[in-house]
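Q: Please see the structure below; I have some questions.
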Amino acid sequence: MSLSKVKHIVLVLSGKGGVGKSSVTTQLALSLSLAGHSVGVLDVDLTGPSIPRMFAIEDAKVTQAPGGWLPITVHEADASAGIGSLRVMSLGFLLPRRGDAVVWRGPKKTAMVRQFLNDVFWEETDYLLIDTPPGTSDEHISLAETLLQKARPDQLAGAVVVTTPQAVATADVRKELNFCAKTGIRVLGVVENMCGFVCPNCSECTNIFMSGGGEVMANDFGVLFLGRVPIDPQFLVLIETGKRPRYPEGTSVNGQDISTPANAVPENHEIRDSALLVRKYQDCSLTPIFAKITTDVISAVRQRNVV
Amino acid sequence: MAPSLEAPEAVQDVLANPLREKPNLVAPEPEHCPGPESEKAGVADSCAGCPNQKICAAAPKGPDPDIPLINARLAGIKHKILVLSGKGGVGKSTFTSLLAHAFATNPETMVGVMDTDICGPSIPKMLGVESETIHVSNAGWSPAWAMDNLAVMSIQFMLPNRDDAIIWRGPKKNGLIKQFLKDVEWGELDFLLVDTPPGTSDEHLSVNTFLKGSGIDGAVMITTPQEVALLDVRKEIDFCRKAGIRVLGIVENMSAFVCPKCTHTSEIFQATTGGGRALAAEMGIPFLGSVPLDPRIGMACDYGESFFDSFPDSPACKALRGVVRGLASQVNLDPNDIMPDA
């Protein structure tokens, strides 16, 4: 199996759509890479792949090697800067036109998920993150089946479950936690995404989708709560336009001043703008939050390997 | 074997036979093959001597025998509207429940809501009927009633425990959707709203097949402003085109956020590519309106209340009224009957 060089496989799951599975996957990947690990991202959302857009590599085409596909390289490892390599594979790369619908029934999706797991050549990879569609259906069953059968027990680290705070979302995500329990996939922890939005004008924090629902759910199920992630429009801008995040003076997140220093390189500076996504992400207010989440995920993964 | 994406069946094939498995052929199809899914499969002249003959002959043929039953059951429903989006979490269920409340404000109007999101049903919670169960009589399954004139059907009513995961593959989901249409006593309805899961897969194909016979008015497409969402919605519109479903219009949800403290407007999900309005123009589809992000909508949904009743004067409510009026005129109804200008 082409996953043989992968050390740890982490699934990113949620019962609910649009809670930020893909953006959490993206940020986990960037944070792991910043921590010096080599990372792979596999997008198995077959009817709505977002990962290529997230990494701004929509135009990339997959290379076919004898017997399999080669993932797309977002950036190579840079040992001097302590950054690990980042590679991505998604169905999005294989579609002829970006607006085309992929109208697939279950069995076809199952076959595709198997093929994705079997036929993509991952190089030496510390962490393989698998981004999933919402729900507990064909893709998830096939993923769980294939991984539980074929991956080495020490490879399948577990799942990071993403939710938003409101009750309508946690109701669906509770089902996903039960899915993990039934299929024997360990839950590494719960991330509460879109928790609060800080007004860029007056710094008032509004809990648009309420707050605390994810933590309550994690406690109910006895799983680790990894933390709250606020909404940061600058992160979306970074993804959508590649602009480096900038914050007005006095902006603080979790008590840390993250406003852009006045002596920073002015906006639209070409050299800065063409910098790697992972470099620009270092300026994002969410980076310290994800650095902590990543550390927790890594230690949760290690714990399991000790036991 | 080298992997390839060219193998998938043509979209038209999938749409024509959405619920049937392609038979597992043992040899490539011969030159004059009538098609393994056709009426003549296995019995045509050219099938003689083909290694697939037996397999093709044994495969089920013809239209689904349940479709006439479904058509009879749904004969009393005047308008059927689908709520679609390629993207998850953009507010399909929220909009479906708001629309249901809006239509149901007139006590004479009978409204039904069918939740086809099997793995993540949200409608029961949003309409405040989460703890209902289904009653079975000899006339069929009775839906749950959120109001005197608002019937709801969802898999949530069939679960022994609220948090149970429904770990089902496609064919089983299709079976349940069929039952929702065939066995549920919908009665005489003015509107049947069909809430769907994100994507373009089994649920969408079966809803389309089962409802085609009795006529679908069209689909409302929900999106959020950012390109990551529009990307998936574009695929959904492509699906509707190919399946012959009319798109009644696009609604842009979560378009702007007004800070409750300083009333500063922020575009949380920035429309870097023009948002829903630009997509509607690009695709030649009516744009029904943008609904601002209001935390109180989410709260009303969590408590199963009607946002229209709770906050009638909010900007979000005004925007929603405009959307409902636009939608009404798209299905050839007088907007003033449905949503009088307040």
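Letters for chains follow the order of the structure tokens (A, B, ...), residue numbers begin at 1 for each chain, and ligand numbers begin at 1 in the order shown.
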Residues of chain B that approach chain A to 6 Å or less, counting only C-alpha atoms: could you list each one with the shortest pair of atoms and its distance in Å to one decimal, rows by chain and increasing residue number, as a tab-separated table?
A:
residue	atom	partner	partner_atom	distance
B:Met1	CA	A:Gly67	CA	6.0
B:Ala2	CA	A:Gly67	CA	4.8
B:Gly88	CA	A:Gly17	CA	3.7
B:Gly89	CA	A:Gly18	CA	3.9
B:Cys119	CA	A:Gly135	CA	5.1
B:Gly120	CA	A:Asp172	CA	5.1
B:Asp163	CA	A:Lys175	CA	5.1
B:Asp164	CA	A:Lys175	CA	5.5
B:Ala165	CA	A:Lys175	CA	4.3
B:Ile167	CA	A:Thr136	CA	5.2
B:Trp168	CA	A:Ser137	CA	5.3
B:Arg169	CA	A:Asp138	CA	4.9
B:Gly170	CA	A:Gly106	CA	4.8
B:Gly199	CA	A:Thr47	CA	5.3
B:Thr200	CA	A:Val103	CA	5.3
B:Ser201	CA	A:Trp104	CA	5.4
B:Asp202	CA	A:Arg105	CA	5.2
B:Asp232	CA	A:Gly48	CA	5.3
B:Arg234	CA	A:Gly99	CA	5.4
B:Lys235	CA	A:Ala101	CA	4.2
B:Asp238	CA	A:Ala101	CA	5.7
B:Phe239	CA	A:Ala101	CA	5.6
B:Ile268	CA	A:Pro233	CA	5.2
B:Pro295	CA	A:Ile208	CA	4.5
B:Asp302	CA	A:Ala167	CA	5.6
Q: Please run DSSP on the backbone and report, as a list of chain:residue names, all residues within segment 132-178 of chain B that come out as strand (DSSP E or B).
A: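 These are the residues in question: B:His135, B:Val136, B:Ser137, B:Gly140, B:Trp141, B:Ser142, B:Ala144, B:Trp145, B:Ala146, B:Met147, B:Leu150, B:Ala151, B:Val152, B:Met153.
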Q: Just give me the gap between atom CA of Ile237 of chain B and atom CA of Asn193 of chain A in Å, one decimal is fine.
A: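 Atom CA of Asn193 of chain A lies at a distance of 28.4 Å from atom CA of Ile237 of chain B.
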Q: Give me, please, the distance in Å between atom CA of Met114 of chain B and atom CA of Asp217 of chain B, quoted to one decimal.
A: 15.2 Å
Q: Give the answer as one residue: which of B:Gly326, B:Pro340, B:Pro160, B:Gly304 has the shortest atom-to-atom distance to Leu127 of chain B, using only C-alpha atoms?
A: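 Distance minimum relative to Leu127 of chain B lands on B:Gly304.
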Q: Nearest residue to Arg277 of chain B out of B:Glu252, B:Asp294, B:Asp183, B:Glu132, using only C-alpha atoms?
A: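 Among the listed residues, the smallest separation from Arg277 of chain B belongs to B:Glu252.
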Q: Separation of atom CA of Leu74 of chain B and atom CA of Met147 of chain B, in Å?
A: 20.6 Å
Q: So, counting only C-alpha atoms, which residue among B:Leu150, B:Ala300, B:Ala72, B:Ile118 is closest to Asn174 of chain B?
A: B:Ile118
Q: Which of these residues is nearest to Leu117 of chain A, using only C-alpha atoms: A:Ser285, A:Thr132, A:Thr146, A:Ser85?
A: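 Closest to Leu117 of chain A, using only C-alpha atoms: A:Thr146.
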Q: Counting only C-alpha atoms, what is within 9 Å of Val74 of chain A, bar same-chain residues fewer than 6 positions away, as number ranges by chain?
A: A: 55-57, 85-88, 276-277
Q: Would you output that residue set with N, CA, C and O atoms, as a PDB file, in the first residue's frame?
A:
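This went into again.pdb:
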ATOM      1  N   PHE A  55      -5.224  25.803  -0.772  1.00  0.00           N
ATOM      2  CA  PHE A  55      -3.779  25.950  -0.916  1.00  0.00           C
ATOM      3  C   PHE A  55      -3.409  26.742  -2.176  1.00  0.00           C
ATOM      4  O   PHE A  55      -2.245  26.782  -2.558  1.00  0.00           O
ATOM      5  N   ALA A  56      -4.432  27.335  -2.824  1.00  0.00           N
ATOM      6  CA  ALA A  56      -4.219  28.134  -4.031  1.00  0.00           C
ATOM      7  C   ALA A  56      -3.467  27.343  -5.098  1.00  0.00           C
ATOM      8  O   ALA A  56      -2.531  27.842  -5.714  1.00  0.00           O
ATOM      9  N   ILE A  57      -3.851  26.100  -5.296  1.00  0.00           N
ATOM     10  CA  ILE A  57      -3.196  25.280  -6.309  1.00  0.00           C
ATOM     11  C   ILE A  57      -4.253  24.655  -7.209  1.00  0.00           C
ATOM     12  O   ILE A  57      -4.148  23.516  -7.624  1.00  0.00           O
ATOM     13  N   SER A  85       7.959  19.544   4.531  1.00  0.00           N
ATOM     14  CA  SER A  85       7.332  19.570   3.211  1.00  0.00           C
ATOM     15  C   SER A  85       5.820  19.423   3.333  1.00  0.00           C
ATOM     16  O   SER A  85       5.310  18.923   4.329  1.00  0.00           O
ATOM     17  N   LEU A  86       5.102  19.861   2.296  1.00  0.00           N
ATOM     18  CA  LEU A  86       3.646  19.802   2.306  1.00  0.00           C
ATOM     19  C   LEU A  86       3.164  19.354   0.930  1.00  0.00           C
ATOM     20  O   LEU A  86       3.446  19.998  -0.075  1.00  0.00           O
ATOM     21  N   ARG A  87       2.490  18.220   0.907  1.00  0.00           N
ATOM     22  CA  ARG A  87       1.973  17.685  -0.359  1.00  0.00           C
ATOM     23  C   ARG A  87       0.472  17.449  -0.260  1.00  0.00           C
ATOM     24  O   ARG A  87      -0.034  17.157   0.823  1.00  0.00           O
ATOM     25  N   VAL A  88      -0.204  17.574  -1.393  1.00  0.00           N
ATOM     26  CA  VAL A  88      -1.660  17.547  -1.388  1.00  0.00           C
ATOM     27  C   VAL A  88      -2.195  16.668  -2.510  1.00  0.00           C
ATOM     28  O   VAL A  88      -1.653  16.667  -3.611  1.00  0.00           O
ATOM     29  N   LEU A 276       5.656  32.128   0.239  1.00  0.00           N
ATOM     30  CA  LEU A 276       4.913  30.887   0.424  1.00  0.00           C
ATOM     31  C   LEU A 276       3.729  31.110   1.353  1.00  0.00           C
ATOM     32  O   LEU A 276       3.804  31.914   2.280  1.00  0.00           O
ATOM     33  N   LEU A 277       2.653  30.347   1.086  1.00  0.00           N
ATOM     34  CA  LEU A 277       1.463  30.430   1.928  1.00  0.00           C
ATOM     35  C   LEU A 277       1.828  30.209   3.391  1.00  0.00           C
ATOM     36  O   LEU A 277       1.357  30.915   4.289  1.00  0.00           O
TER      37      LEU A 277
END
Q: So, with only C-alpha atoms as the atoms that count, which of B:Ile70, B:Val194, B:Ile123, B:Ile134 lies closest to Leu159 of chain B?
A: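 Closest to Leu159 of chain B of all the choices is B:Ile134.
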Q: Using only C-alpha atoms, determine which residues lie at most 10 Å from Pro36 of chain B, disregarding the query and same-chain residues fewer than 5 positions distant; provide the list as a list in words.
A: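 My reading of the contact set: Lys22, Pro23, Asn24, Leu25, Glu29, Ala41, Gly42, Asn52, Gln53, Ile55, Cys56, Ala57, Ala59 and Lys61 of chain B.
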Q: Would you return as number ranges by chain the members of segment 101-239 of chain B that DSSP assigns to alpha helix (DSSP H) on this structure's backbone?
A: B: 101-104, 123-126, 170-182, 202-212, 227-239
Q: Next, dump the selected residues to file, keeping only C-alpha atoms, as an mmCIF file, in the first residue's frame.
A:
data_model
loop_
_atom_site.group_PDB
_atom_site.id
_atom_site.type_symbol
_atom_site.label_atom_id
_atom_site.label_comp_id
_atom_site.auth_asym_id
_atom_site.auth_seq_id
_atom_site.Cartn_x
_atom_site.Cartn_y
_atom_site.Cartn_z
ATOM 1 C CA HIS B 101 -42.495 29.465 8.616
ATOM 2 C CA ALA B 102 -42.998 32.201 6.048
ATOM 3 C CA PHE B 103 -45.423 30.132 3.971
ATOM 4 C CA ALA B 104 -47.181 28.884 7.078
ATOM 5 C CA ILE B 123 -34.833 20.310 10.360
ATOM 6 C CA PRO B 124 -36.537 18.741 13.422
ATOM 7 C CA LYS B 125 -34.442 20.817 15.800
ATOM 8 C CA MET B 126 -34.979 24.018 13.853
ATOM 9 C CA GLY B 170 -26.143 5.133 -0.687
ATOM 10 C CA PRO B 171 -28.732 2.453 -1.596
ATOM 11 C CA LYS B 172 -30.142 2.395 1.921
ATOM 12 C CA LYS B 173 -30.503 6.180 1.921
ATOM 13 C CA ASN B 174 -32.320 6.000 -1.403
ATOM 14 C CA GLY B 175 -34.701 3.437 0.067
ATOM 15 C CA LEU B 176 -35.641 5.725 2.927
ATOM 16 C CA ILE B 177 -36.181 8.736 0.690
ATOM 17 C CA LYS B 178 -38.481 6.621 -1.421
ATOM 18 C CA GLN B 179 -40.436 5.655 1.678
ATOM 19 C CA PHE B 180 -40.716 9.287 2.736
ATOM 20 C CA LEU B 181 -42.454 9.962 -0.557
ATOM 21 C CA LYS B 182 -44.386 6.719 -0.992
ATOM 22 C CA ASP B 202 -27.366 9.609 -3.998
ATOM 23 C CA GLU B 203 -29.900 11.748 -2.145
ATOM 24 C CA HIS B 204 -30.076 14.296 -4.940
ATOM 25 C CA LEU B 205 -30.382 11.696 -7.654
ATOM 26 C CA SER B 206 -33.167 9.853 -5.886
ATOM 27 C CA VAL B 207 -35.111 13.010 -4.984
ATOM 28 C CA ASN B 208 -34.912 14.019 -8.618
ATOM 29 C CA THR B 209 -36.021 10.615 -9.926
ATOM 30 C CA PHE B 210 -38.894 10.144 -7.524
ATOM 31 C CA LEU B 211 -40.256 13.666 -7.872
ATOM 32 C CA LYS B 212 -39.790 14.045 -11.615
ATOM 33 C CA GLU B 227 -15.372 31.726 -3.577
ATOM 34 C CA VAL B 228 -14.697 28.468 -1.717
ATOM 35 C CA ALA B 229 -18.470 28.088 -1.350
ATOM 36 C CA LEU B 230 -19.364 29.385 -4.814
ATOM 37 C CA LEU B 231 -17.066 26.770 -6.281
ATOM 38 C CA ASP B 232 -19.244 23.968 -4.923
ATOM 39 C CA VAL B 233 -22.492 25.768 -5.720
ATOM 40 C CA ARG B 234 -21.413 26.069 -9.331
ATOM 41 C CA LYS B 235 -21.203 22.283 -9.438
ATOM 42 C CA GLU B 236 -24.702 22.036 -8.004
ATOM 43 C CA ILE B 237 -26.087 24.368 -10.684
ATOM 44 C CA ASP B 238 -24.352 22.223 -13.296
ATOM 45 C CA PHE B 239 -26.099 19.212 -11.754
#
